[in-house]
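Heads up: the structure comes next, in structure tokens.
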Amino acid sequence: GAGVSQTPSNKVTEKGKYVELRCDPISGHTALYWYRQSLGQGPEFLIYFQGTGAADDSGLPNDRFFAVRPEGSVSTLKIQRTERGDSAVYLCASRTGMNTGELFFGEGSRLTVL
Amino acid sequence: AQKITQTQPGMFVQEKEAVTLDCTYDTSDQSYGLFWYKQPSSGEMIFLIYQGSYDEQNATEGRYSLNFQKARKSANLVISASQLGDSAMYFCAMRGGNSGGSNYKLTFGKGTLLTVNP
């Protein structure tokens with residue numbers, strides 16, 4: 001497909017486990033974002049990549065969260081020692097150029113930590 | 001820092017009628033952008049409309065229009081001729097200007113759940 005693809009769509013894990021969430025942006029989009037959306041809230045910024053580098057990771061809540069984008073395309077959000085409070089939908093978005101700055105979102109990965 | 005406020009947790013509208021979803025914002029940037037996204041139950045965020053802070057005319061996209069009142073810092077979304085498929089969460093968002101490096105990410109409000117009744 002031509003849109004942003006996220007896998008898995010659903011992930012259930014136990015407290016303390018490690019999880020990885022994958023994002024495949026729209027081809028040619030150099031900017032990639034991760035957002036977290038808790039129930040009843042708007043998306044909250046986590047991290048922004050321009051190319052391969054994390055230009056801004058100020059939204060990551062703590063050092064258990066880490067994200068990479070080694071080849072400037074696919075990105076992986078990694079969460080260590082998961083906690084119940086990490087349960088949320090993790091949204092990935094990408095964009096091209098600056099124009100209006102519109103972000104194109106994937107359908108998200110729903111993470112449930114038991 | 002930018003802040004978006006959506007004061008309506010939920011709104012109801014009759015099919016074929018118009019509805020206005022409120023959004024106010026706060027920023028110290030001179031240049032900024034305002035967005036509205038729709039999030040149906042499937043979860044995907046769908047871009048609806050964009051308004052630049054220097055745009056003199058209100059943005060329109062089909063049945064969507066943005067009532068931009070810069071002095072009041074409001075950017076309300078107007079949906080005309082509501083359809084059952086418009087039932088969804090609606091989020092107002094803002095992109096900052098160049099100050100403080102905030103011109104690349106969106107800040108979202110908490111959203112408004114719109115229900116269109118037949």
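Naming works like this for the structure tokens: A, B, ... for the chains as they're shown, residue 1 at the start of each chain, ligands 1 onward in shown order.
Using only C-alpha atoms, the chain A residues found within 9 Å of chain B amount to Ala31, Tyr33, Gly40, Gln41, Gly42, Pro43, Glu44, Phe45, Tyr48, Val89, Leu91, Met98, Thr100, Gly101, Glu102, Leu103, Phe104, Phe105, Gly106, Glu107 and Gly108 of chain A.
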If you keep N, CA, C and O atoms, can you produce a file of those selected residues as a PDB file, in the first residue's frame?
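Result written to again_13.pdb:
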```pdb
ATOM      1  N   ALA A  31      10.830  12.667   6.880  1.00  0.00           N
ATOM      2  CA  ALA A  31      10.529  12.927   8.283  1.00  0.00           C
ATOM      3  C   ALA A  31       9.589  11.861   8.822  1.00  0.00           C
ATOM      4  O   ALA A  31       8.614  11.490   8.165  1.00  0.00           O
ATOM      5  N   TYR A  33       7.666  10.454  12.568  1.00  0.00           N
ATOM      6  CA  TYR A  33       7.276  10.808  13.935  1.00  0.00           C
ATOM      7  C   TYR A  33       6.667   9.600  14.627  1.00  0.00           C
ATOM      8  O   TYR A  33       5.966   8.806  14.001  1.00  0.00           O
ATOM      9  N   GLY A  40      -8.906   8.357  25.432  1.00  0.00           N
ATOM     10  CA  GLY A  40      -9.578   9.620  25.702  1.00  0.00           C
ATOM     11  C   GLY A  40      -8.716  10.855  25.554  1.00  0.00           C
ATOM     12  O   GLY A  40      -9.149  11.957  25.909  1.00  0.00           O
ATOM     13  N   GLN A  41      -7.517  10.674  25.019  1.00  0.00           N
ATOM     14  CA  GLN A  41      -6.596  11.804  24.868  1.00  0.00           C
ATOM     15  C   GLN A  41      -6.216  11.995  23.404  1.00  0.00           C
ATOM     16  O   GLN A  41      -6.407  11.115  22.574  1.00  0.00           O
ATOM     17  N   GLY A  42      -5.646  13.152  23.122  1.00  0.00           N
ATOM     18  CA  GLY A  42      -5.074  13.365  21.801  1.00  0.00           C
ATOM     19  C   GLY A  42      -3.680  12.761  21.730  1.00  0.00           C
ATOM     20  O   GLY A  42      -3.082  12.442  22.756  1.00  0.00           O
ATOM     21  N   PRO A  43      -3.165  12.598  20.532  1.00  0.00           N
ATOM     22  CA  PRO A  43      -1.807  12.062  20.392  1.00  0.00           C
ATOM     23  C   PRO A  43      -0.773  12.976  21.048  1.00  0.00           C
ATOM     24  O   PRO A  43      -0.869  14.196  20.943  1.00  0.00           O
ATOM     25  N   GLU A  44       0.202  12.349  21.707  1.00  0.00           N
ATOM     26  CA  GLU A  44       1.285  13.092  22.343  1.00  0.00           C
ATOM     27  C   GLU A  44       2.605  12.740  21.666  1.00  0.00           C
ATOM     28  O   GLU A  44       2.913  11.564  21.472  1.00  0.00           O
ATOM     29  N   PHE A  45       3.372  13.751  21.351  1.00  0.00           N
ATOM     30  CA  PHE A  45       4.629  13.585  20.634  1.00  0.00           C
ATOM     31  C   PHE A  45       5.646  12.799  21.456  1.00  0.00           C
ATOM     32  O   PHE A  45       5.809  13.045  22.658  1.00  0.00           O
ATOM     33  N   TYR A  48      10.990  12.495  16.864  1.00  0.00           N
ATOM     34  CA  TYR A  48      10.962  12.908  15.470  1.00  0.00           C
ATOM     35  C   TYR A  48      12.303  12.595  14.827  1.00  0.00           C
ATOM     36  O   TYR A  48      13.355  12.888  15.396  1.00  0.00           O
ATOM     37  N   VAL A  89      -2.144   3.455  22.360  1.00  0.00           N
ATOM     38  CA  VAL A  89      -1.956   3.257  20.919  1.00  0.00           C
ATOM     39  C   VAL A  89      -0.748   4.089  20.497  1.00  0.00           C
ATOM     40  O   VAL A  89      -0.680   5.289  20.790  1.00  0.00           O
ATOM     41  N   LEU A  91       1.207   5.690  17.553  1.00  0.00           N
ATOM     42  CA  LEU A  91       0.969   6.120  16.180  1.00  0.00           C
ATOM     43  C   LEU A  91       2.276   6.562  15.528  1.00  0.00           C
ATOM     44  O   LEU A  91       3.081   7.263  16.140  1.00  0.00           O
ATOM     45  N   MET A  98       8.301  20.604   3.686  1.00  0.00           N
ATOM     46  CA  MET A  98       7.755  21.403   4.761  1.00  0.00           C
ATOM     47  C   MET A  98       6.392  21.968   4.423  1.00  0.00           C
ATOM     48  O   MET A  98       5.587  22.157   5.279  1.00  0.00           O
ATOM     49  N   THR A 100       2.886  22.490   4.110  1.00  0.00           N
ATOM     50  CA  THR A 100       2.013  22.802   5.231  1.00  0.00           C
ATOM     51  C   THR A 100       2.412  22.043   6.478  1.00  0.00           C
ATOM     52  O   THR A 100       1.937  22.345   7.558  1.00  0.00           O
ATOM     53  N   GLY A 101       3.247  21.048   6.345  1.00  0.00           N
ATOM     54  CA  GLY A 101       3.628  20.251   7.498  1.00  0.00           C
ATOM     55  C   GLY A 101       2.635  19.161   7.839  1.00  0.00           C
ATOM     56  O   GLY A 101       2.697  18.589   8.921  1.00  0.00           O
ATOM     57  N   GLU A 102       1.728  18.868   6.912  1.00  0.00           N
ATOM     58  CA  GLU A 102       0.726  17.827   7.161  1.00  0.00           C
ATOM     59  C   GLU A 102       1.401  16.488   7.408  1.00  0.00           C
ATOM     60  O   GLU A 102       2.311  16.097   6.692  1.00  0.00           O
ATOM     61  N   LEU A 103       0.949  15.797   8.440  1.00  0.00           N
ATOM     62  CA  LEU A 103       1.455  14.468   8.758  1.00  0.00           C
ATOM     63  C   LEU A 103       0.485  13.415   8.242  1.00  0.00           C
ATOM     64  O   LEU A 103      -0.728  13.572   8.332  1.00  0.00           O
ATOM     65  N   PHE A 104       1.056  12.330   7.717  1.00  0.00           N
ATOM     66  CA  PHE A 104       0.267  11.187   7.277  1.00  0.00           C
ATOM     67  C   PHE A 104       0.460  10.080   8.311  1.00  0.00           C
ATOM     68  O   PHE A 104       1.587   9.634   8.531  1.00  0.00           O
ATOM     69  N   PHE A 105      -0.626   9.636   8.897  1.00  0.00           N
ATOM     70  CA  PHE A 105      -0.560   8.687   9.996  1.00  0.00           C
ATOM     71  C   PHE A 105      -0.859   7.264   9.558  1.00  0.00           C
ATOM     72  O   PHE A 105      -1.650   7.026   8.638  1.00  0.00           O
ATOM     73  N   GLY A 106      -0.259   6.318  10.274  1.00  0.00           N
ATOM     74  CA  GLY A 106      -0.649   4.931  10.172  1.00  0.00           C
ATOM     75  C   GLY A 106      -1.829   4.648  11.092  1.00  0.00           C
ATOM     76  O   GLY A 106      -2.318   5.550  11.780  1.00  0.00           O
ATOM     77  N   GLU A 107      -2.269   3.392  11.105  1.00  0.00           N
ATOM     78  CA  GLU A 107      -3.428   3.036  11.928  1.00  0.00           C
ATOM     79  C   GLU A 107      -3.063   2.742  13.369  1.00  0.00           C
ATOM     80  O   GLU A 107      -3.935   2.522  14.194  1.00  0.00           O
ATOM     81  N   GLY A 108      -1.789   2.739  13.654  1.00  0.00           N
ATOM     82  CA  GLY A 108      -1.359   2.598  15.029  1.00  0.00           C
ATOM     83  C   GLY A 108      -1.130   1.163  15.474  1.00  0.00           C
ATOM     84  O   GLY A 108      -1.627   0.210  14.861  1.00  0.00           O
TER      85      GLY A 108
END
```
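Secondary structure from DSSP on the backbone puts helix (DSSP H, G or I) at the following positions of chain B: Leu84, Gly85, Asp86, Ser99, Gly100 and Gly101 of chain B.
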File of the preceding selection, C-alpha atoms, as a compact mmCIF listing (two decimals), in the first residue's frame:
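Once everything was written out, this is again_25.txt:
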```txt
# COMPACT_ATOMS: atom_id res chain seq x y z
CA LEU B 84 -23.57 9.49 9.23
CA GLY B 85 -19.97 8.72 8.22
CA ASP B 86 -18.83 11.93 9.88
CA SER B 99 11.19 29.80 17.09
CA GLY B 100 12.55 27.17 19.42
CA GLY B 101 12.65 24.57 16.69
```
Selection: 7 Å around stretch 69-83 of chain B, only C-alpha atoms, excl. self and same-chain fewer than 5 positions, as an MDAnalysis selection string:
chainID B and resid 15:26 63:64 116
Expected file contents, prior selection, all heavy atoms, as a compact mmCIF listing (two decimals), in the first residue's frame:
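The file below, again.txt, is the result:
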```
# COMPACT_ATOMS: atom_id res chain seq x y z
N GLU B 15 -28.31 14.49 10.99
CA GLU B 15 -27.87 14.30 9.60
C GLU B 15 -28.36 15.46 8.74
O GLU B 15 -29.49 15.95 8.91
CB GLU B 15 -28.43 12.98 9.08
CG GLU B 15 -27.81 12.48 7.80
CD GLU B 15 -28.39 11.13 7.40
OE1 GLU B 15 -29.34 10.66 8.05
OE2 GLU B 15 -27.88 10.55 6.43
N LYS B 16 -27.49 15.92 7.84
CA LYS B 16 -27.75 16.99 6.89
C LYS B 16 -27.64 18.40 7.48
O LYS B 16 -27.70 19.38 6.72
CB LYS B 16 -29.10 16.83 6.18
CG LYS B 16 -29.22 15.53 5.41
CD LYS B 16 -30.57 15.41 4.71
CE LYS B 16 -30.69 14.05 4.03
NZ LYS B 16 -32.01 13.87 3.38
N GLU B 17 -27.47 18.49 8.80
CA GLU B 17 -27.29 19.81 9.39
C GLU B 17 -25.80 20.15 9.50
O GLU B 17 -24.93 19.28 9.37
CB GLU B 17 -27.95 19.87 10.76
CG GLU B 17 -29.47 19.78 10.68
CD GLU B 17 -30.14 19.99 12.01
OE1 GLU B 17 -29.42 20.06 13.03
OE2 GLU B 17 -31.38 20.09 12.03
N ALA B 18 -25.51 21.41 9.79
CA ALA B 18 -24.13 21.86 9.97
C ALA B 18 -23.76 21.82 11.45
O ALA B 18 -24.63 21.92 12.33
CB ALA B 18 -23.94 23.27 9.43
N VAL B 19 -22.48 21.63 11.72
CA VAL B 19 -22.00 21.59 13.10
C VAL B 19 -20.66 22.31 13.18
O VAL B 19 -19.87 22.27 12.23
CB VAL B 19 -21.89 20.14 13.61
CG1 VAL B 19 -20.85 19.35 12.81
CG2 VAL B 19 -21.55 20.10 15.09
N THR B 20 -20.42 22.98 14.31
CA THR B 20 -19.15 23.67 14.54
C THR B 20 -18.44 23.04 15.73
O THR B 20 -19.03 22.91 16.81
CB THR B 20 -19.38 25.17 14.83
OG1 THR B 20 -19.97 25.78 13.68
CG2 THR B 20 -18.05 25.86 15.11
N LEU B 21 -17.20 22.65 15.52
CA LEU B 21 -16.36 22.10 16.57
C LEU B 21 -15.34 23.16 16.96
O LEU B 21 -14.63 23.68 16.11
CB LEU B 21 -15.66 20.83 16.08
CG LEU B 21 -16.58 19.75 15.52
CD1 LEU B 21 -15.76 18.51 15.15
CD2 LEU B 21 -17.68 19.40 16.49
N ASP B 22 -15.27 23.44 18.26
CA ASP B 22 -14.46 24.55 18.73
C ASP B 22 -13.00 24.17 18.97
O ASP B 22 -12.69 23.05 19.40
CB ASP B 22 -15.03 25.10 20.05
CG ASP B 22 -16.39 25.73 19.86
OD1 ASP B 22 -16.75 26.05 18.71
OD2 ASP B 22 -17.10 25.91 20.88
N CYS B 23 -12.12 25.14 18.71
CA CYS B 23 -10.69 24.96 18.98
C CYS B 23 -10.09 26.32 19.27
O CYS B 23 -10.25 27.26 18.48
CB CYS B 23 -10.00 24.33 17.78
SG CYS B 23 -8.18 24.27 17.90
N THR B 24 -9.42 26.45 20.39
CA THR B 24 -8.62 27.63 20.66
C THR B 24 -7.18 27.20 20.87
O THR B 24 -6.90 26.05 21.24
CB THR B 24 -9.11 28.40 21.90
OG1 THR B 24 -9.09 27.54 23.03
CG2 THR B 24 -10.52 28.93 21.69
N TYR B 25 -6.27 28.13 20.62
CA TYR B 25 -4.86 27.77 20.69
C TYR B 25 -4.08 28.88 21.38
O TYR B 25 -4.55 30.02 21.49
CB TYR B 25 -4.31 27.51 19.28
CG TYR B 25 -4.40 28.69 18.34
CD1 TYR B 25 -3.37 29.61 18.24
CD2 TYR B 25 -5.54 28.89 17.56
CE1 TYR B 25 -3.46 30.69 17.39
CE2 TYR B 25 -5.64 29.98 16.71
CZ TYR B 25 -4.62 30.87 16.62
OH TYR B 25 -4.71 31.95 15.79
N ASP B 26 -2.90 28.53 21.81
CA ASP B 26 -2.02 29.49 22.44
C ASP B 26 -0.61 29.27 21.93
O ASP B 26 -0.12 28.12 21.93
CB ASP B 26 -2.07 29.35 23.96
CG ASP B 26 -1.36 30.50 24.66
OD1 ASP B 26 -1.23 31.58 24.04
OD2 ASP B 26 -0.95 30.33 25.82
N ARG B 63 -16.86 19.85 2.24
CA ARG B 63 -17.85 20.19 3.27
C ARG B 63 -17.20 20.76 4.53
O ARG B 63 -17.90 21.13 5.49
CB ARG B 63 -18.66 18.95 3.64
CG ARG B 63 -19.54 18.42 2.51
CD ARG B 63 -20.44 17.28 2.96
NE ARG B 63 -19.67 16.12 3.42
CZ ARG B 63 -19.60 15.73 4.68
NH1 ARG B 63 -20.25 16.40 5.63
NH2 ARG B 63 -18.90 14.66 5.02
N TYR B 64 -15.87 20.81 4.57
CA TYR B 64 -15.15 21.32 5.73
C TYR B 64 -14.69 22.76 5.49
O TYR B 64 -14.17 23.07 4.43
CB TYR B 64 -13.93 20.45 6.04
CG TYR B 64 -14.22 18.99 6.22
CD1 TYR B 64 -13.83 18.06 5.26
CD2 TYR B 64 -14.88 18.54 7.35
CE1 TYR B 64 -14.09 16.72 5.42
CE2 TYR B 64 -15.15 17.18 7.52
CZ TYR B 64 -14.76 16.28 6.55
OH TYR B 64 -15.02 14.94 6.72
N VAL B 116 -23.33 11.81 14.63
CA VAL B 116 -24.34 12.27 13.69
C VAL B 116 -25.55 11.34 13.79
O VAL B 116 -25.42 10.13 13.58
CB VAL B 116 -23.79 12.28 12.25
CG1 VAL B 116 -24.86 12.78 11.28
CG2 VAL B 116 -22.55 13.15 12.16
```
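Look at A:Asn10: the protein and nucleic acid residues within 8 Å of it, using only C-alpha atoms and passing over chain neighbours fewer than 6 places away, are Ser109, Arg110, Leu111 and Thr112 of chain A.
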Rounded to one decimal place, report the atom CA of A:Asp57-atom CA of A:Cys92 distance in Å.
14.1 Å
Contacts of A:Pro70 within 10 Å, only C-alpha atoms, excl. fewer than 6 positions in-chain, as a PyMOL selection string
chain A and resi 51-53+76
Would you mind exporting the chosen residues as a tab-separated table (two decimals), in the first residue's frame, restricted to N, CA, C and O atoms?
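Saved file result_27.tsv follows:
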```
chain	number	residue	atom	x	y	z
A	51	GLY	N	15.56	11.94	8.38
A	51	GLY	CA	16.53	11.00	7.86
A	51	GLY	C	16.80	9.90	8.88
A	51	GLY	O	15.87	9.35	9.46
A	52	THR	N	18.05	9.62	9.15
A	52	THR	CA	18.41	8.55	10.07
A	52	THR	C	18.53	9.01	11.51
A	52	THR	O	18.48	8.19	12.43
A	53	GLY	N	18.67	10.30	11.71
A	53	GLY	CA	18.93	10.80	13.05
A	53	GLY	C	17.69	11.28	13.77
A	53	GLY	O	16.77	11.80	13.16
A	76	THR	N	11.81	1.65	14.26
A	76	THR	CA	11.36	0.74	15.31
A	76	THR	C	11.35	1.48	16.63
A	76	THR	O	12.35	2.09	17.01
```
In Å, rounded to a single decimal, give me how far atom CA of A:Val19 is from atom CA of A:Thr82.
7.6 Å
Filtered DSSP result for chain A, state strand (DSSP E or B), as a short mmCIF file (atom, residue, chain, number, x, y, z; two decimals) with N, CA and C atoms, in the first residue's frame:
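Saved the output as out_15.cif:
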```
data_model
loop_
_atom_site.label_atom_id
_atom_site.label_comp_id
_atom_site.auth_asym_id
_atom_site.auth_seq_id
_atom_site.Cartn_x
_atom_site.Cartn_y
_atom_site.Cartn_z
N SER A 5 2.55 2.19 7.21
CA SER A 5 2.21 0.85 7.68
C SER A 5 2.83 0.61 9.05
N GLN A 6 2.03 0.12 9.99
CA GLN A 6 2.53 -0.17 11.34
C GLN A 6 2.22 -1.61 11.71
N THR A 7 3.22 -2.24 12.31
CA THR A 7 3.03 -3.60 12.80
C THR A 7 3.66 -3.76 14.17
N ASN A 10 -1.88 -5.03 17.00
CA ASN A 10 -2.18 -5.25 18.41
C ASN A 10 -1.07 -6.05 19.05
N LYS A 11 -0.70 -5.66 20.27
CA LYS A 11 0.33 -6.38 21.00
C LYS A 11 -0.07 -6.44 22.46
N VAL A 12 -0.18 -7.65 22.97
CA VAL A 12 -0.46 -7.84 24.39
C VAL A 12 0.79 -8.46 25.01
N THR A 13 1.26 -7.88 26.09
CA THR A 13 2.46 -8.38 26.72
C THR A 13 2.31 -8.31 28.23
N VAL A 19 9.23 -4.93 24.14
CA VAL A 19 8.43 -4.93 22.92
C VAL A 19 9.06 -4.03 21.87
N GLU A 20 8.80 -4.38 20.61
CA GLU A 20 9.22 -3.57 19.49
C GLU A 20 8.02 -3.29 18.60
N LEU A 21 7.88 -2.05 18.20
CA LEU A 21 6.81 -1.64 17.30
C LEU A 21 7.46 -1.07 16.04
N ARG A 22 6.94 -1.50 14.90
CA ARG A 22 7.58 -1.14 13.63
C ARG A 22 6.73 -0.17 12.83
N CYS A 23 7.40 0.74 12.15
CA CYS A 23 6.72 1.70 11.29
C CYS A 23 7.41 1.76 9.93
N ASP A 24 6.63 1.61 8.87
CA ASP A 24 7.14 1.73 7.50
C ASP A 24 6.49 2.96 6.89
N ALA A 31 10.83 12.67 6.88
CA ALA A 31 10.53 12.93 8.28
C ALA A 31 9.59 11.86 8.82
N LEU A 32 9.89 11.37 10.01
CA LEU A 32 9.08 10.33 10.64
C LEU A 32 8.87 10.68 12.10
N TYR A 33 7.67 10.45 12.57
CA TYR A 33 7.28 10.81 13.94
C TYR A 33 6.67 9.60 14.63
N TRP A 34 6.87 9.54 15.93
CA TRP A 34 6.14 8.62 16.79
C TRP A 34 5.31 9.44 17.79
N TYR A 35 4.05 9.06 17.92
CA TYR A 35 3.15 9.66 18.89
C TYR A 35 2.55 8.54 19.75
N ARG A 36 2.12 8.91 20.95
CA ARG A 36 1.42 7.96 21.81
C ARG A 36 0.05 8.55 22.14
N GLN A 37 -0.96 7.72 22.02
CA GLN A 37 -2.32 8.17 22.30
C GLN A 37 -2.94 7.29 23.38
N GLU A 44 0.20 12.35 21.71
CA GLU A 44 1.29 13.09 22.34
C GLU A 44 2.60 12.74 21.67
N PHE A 45 3.37 13.75 21.35
CA PHE A 45 4.63 13.59 20.63
C PHE A 45 5.65 12.80 21.46
N LEU A 46 6.31 11.86 20.79
CA LEU A 46 7.39 11.10 21.43
C LEU A 46 8.75 11.47 20.84
N ILE A 47 8.88 11.28 19.52
CA ILE A 47 10.18 11.46 18.88
C ILE A 47 10.01 11.77 17.41
N TYR A 48 10.99 12.49 16.86
CA TYR A 48 10.96 12.91 15.47
C TYR A 48 12.30 12.60 14.83
N PHE A 49 12.26 11.95 13.66
CA PHE A 49 13.45 11.65 12.87
C PHE A 49 13.43 12.49 11.59
N GLN A 50 14.59 13.03 11.28
CA GLN A 50 14.81 13.62 9.96
C GLN A 50 15.92 12.77 9.34
N GLY A 53 18.67 10.30 11.71
CA GLY A 53 18.93 10.80 13.05
C GLY A 53 17.69 11.28 13.77
N ALA A 54 17.69 11.09 15.09
CA ALA A 54 16.59 11.59 15.91
C ALA A 54 16.82 13.07 16.15
N ALA A 55 16.04 13.90 15.48
CA ALA A 55 16.20 15.34 15.60
C ALA A 55 15.65 15.86 16.91
N ASP A 56 14.68 15.16 17.46
CA ASP A 56 14.06 15.58 18.71
C ASP A 56 13.46 14.37 19.39
N PHE A 65 12.29 3.88 26.85
CA PHE A 65 11.82 4.07 25.48
C PHE A 65 12.99 4.47 24.59
N PHE A 66 13.06 3.83 23.43
CA PHE A 66 14.12 4.15 22.48
C PHE A 66 13.59 3.89 21.08
N ALA A 67 14.05 4.66 20.12
CA ALA A 67 13.62 4.45 18.74
C ALA A 67 14.81 4.58 17.80
N VAL A 68 14.76 3.83 16.72
CA VAL A 68 15.83 3.88 15.73
C VAL A 68 15.24 3.97 14.33
N SER A 75 11.27 2.54 10.83
CA SER A 75 11.65 2.89 12.20
C SER A 75 11.08 1.86 13.17
N THR A 76 11.81 1.65 14.26
CA THR A 76 11.36 0.74 15.31
C THR A 76 11.35 1.48 16.63
N LEU A 77 10.22 1.42 17.32
CA LEU A 77 10.11 1.97 18.67
C LEU A 77 10.28 0.79 19.63
N LYS A 78 11.20 0.95 20.56
CA LYS A 78 11.53 -0.14 21.48
C LYS A 78 11.20 0.29 22.90
N ILE A 79 10.52 -0.59 23.61
CA ILE A 79 10.15 -0.31 24.99
C ILE A 79 10.66 -1.44 25.86
N ALA A 88 -1.25 1.85 25.50
CA ALA A 88 -1.72 2.98 24.68
C ALA A 88 -1.68 2.55 23.22
N VAL A 89 -2.14 3.45 22.36
CA VAL A 89 -1.96 3.26 20.92
C VAL A 89 -0.75 4.09 20.50
N TYR A 90 0.19 3.45 19.83
CA TYR A 90 1.39 4.13 19.37
C TYR A 90 1.22 4.40 17.87
N LEU A 91 1.21 5.69 17.55
CA LEU A 91 0.97 6.12 16.18
C LEU A 91 2.28 6.56 15.53
N CYS A 92 2.43 6.17 14.30
CA CYS A 92 3.57 6.62 13.51
C CYS A 92 3.04 7.52 12.39
N ALA A 93 3.81 8.53 12.05
CA ALA A 93 3.42 9.44 10.97
C ALA A 93 4.65 9.83 10.18
N SER A 94 4.44 10.19 8.92
CA SER A 94 5.55 10.67 8.11
C SER A 94 5.08 11.86 7.27
N ARG A 95 6.05 12.60 6.76
CA ARG A 95 5.72 13.72 5.88
C ARG A 95 6.89 13.99 4.96
N PHE A 104 1.06 12.33 7.72
CA PHE A 104 0.27 11.19 7.28
C PHE A 104 0.46 10.08 8.31
N PHE A 105 -0.63 9.64 8.90
CA PHE A 105 -0.56 8.69 10.00
C PHE A 105 -0.86 7.26 9.56
N SER A 109 -0.35 1.04 16.53
CA SER A 109 -0.14 -0.26 17.21
C SER A 109 -0.71 -0.12 18.61
N ARG A 110 -1.70 -0.95 18.90
CA ARG A 110 -2.30 -0.91 20.24
C ARG A 110 -1.52 -1.83 21.16
N LEU A 111 -0.91 -1.25 22.18
CA LEU A 111 -0.11 -2.02 23.14
C LEU A 111 -0.89 -2.15 24.44
N THR A 112 -1.03 -3.36 24.90
CA THR A 112 -1.66 -3.64 26.19
C THR A 112 -0.66 -4.38 27.07
N VAL A 113 -0.37 -3.79 28.21
CA VAL A 113 0.56 -4.41 29.16
C VAL A 113 -0.25 -4.92 30.34
#
```
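Our summary of the geometry notes that atom CA of B:Asn117 is positioned 24.0 Å from atom CA of A:Leu39.
You can rank B:Leu114, B:Pro40, B:Asp29, B:Gln14 by their closest distance to B:Gln2 using only C-alpha atoms, and at the top of that list sits B:Asp29.
Ranking A:Lys15, A:Pro8, A:Ala2, A:Pro25 by their shortest atom-to-atom distance to A:Val74, with only C-alpha atoms included, puts A:Pro25 first.
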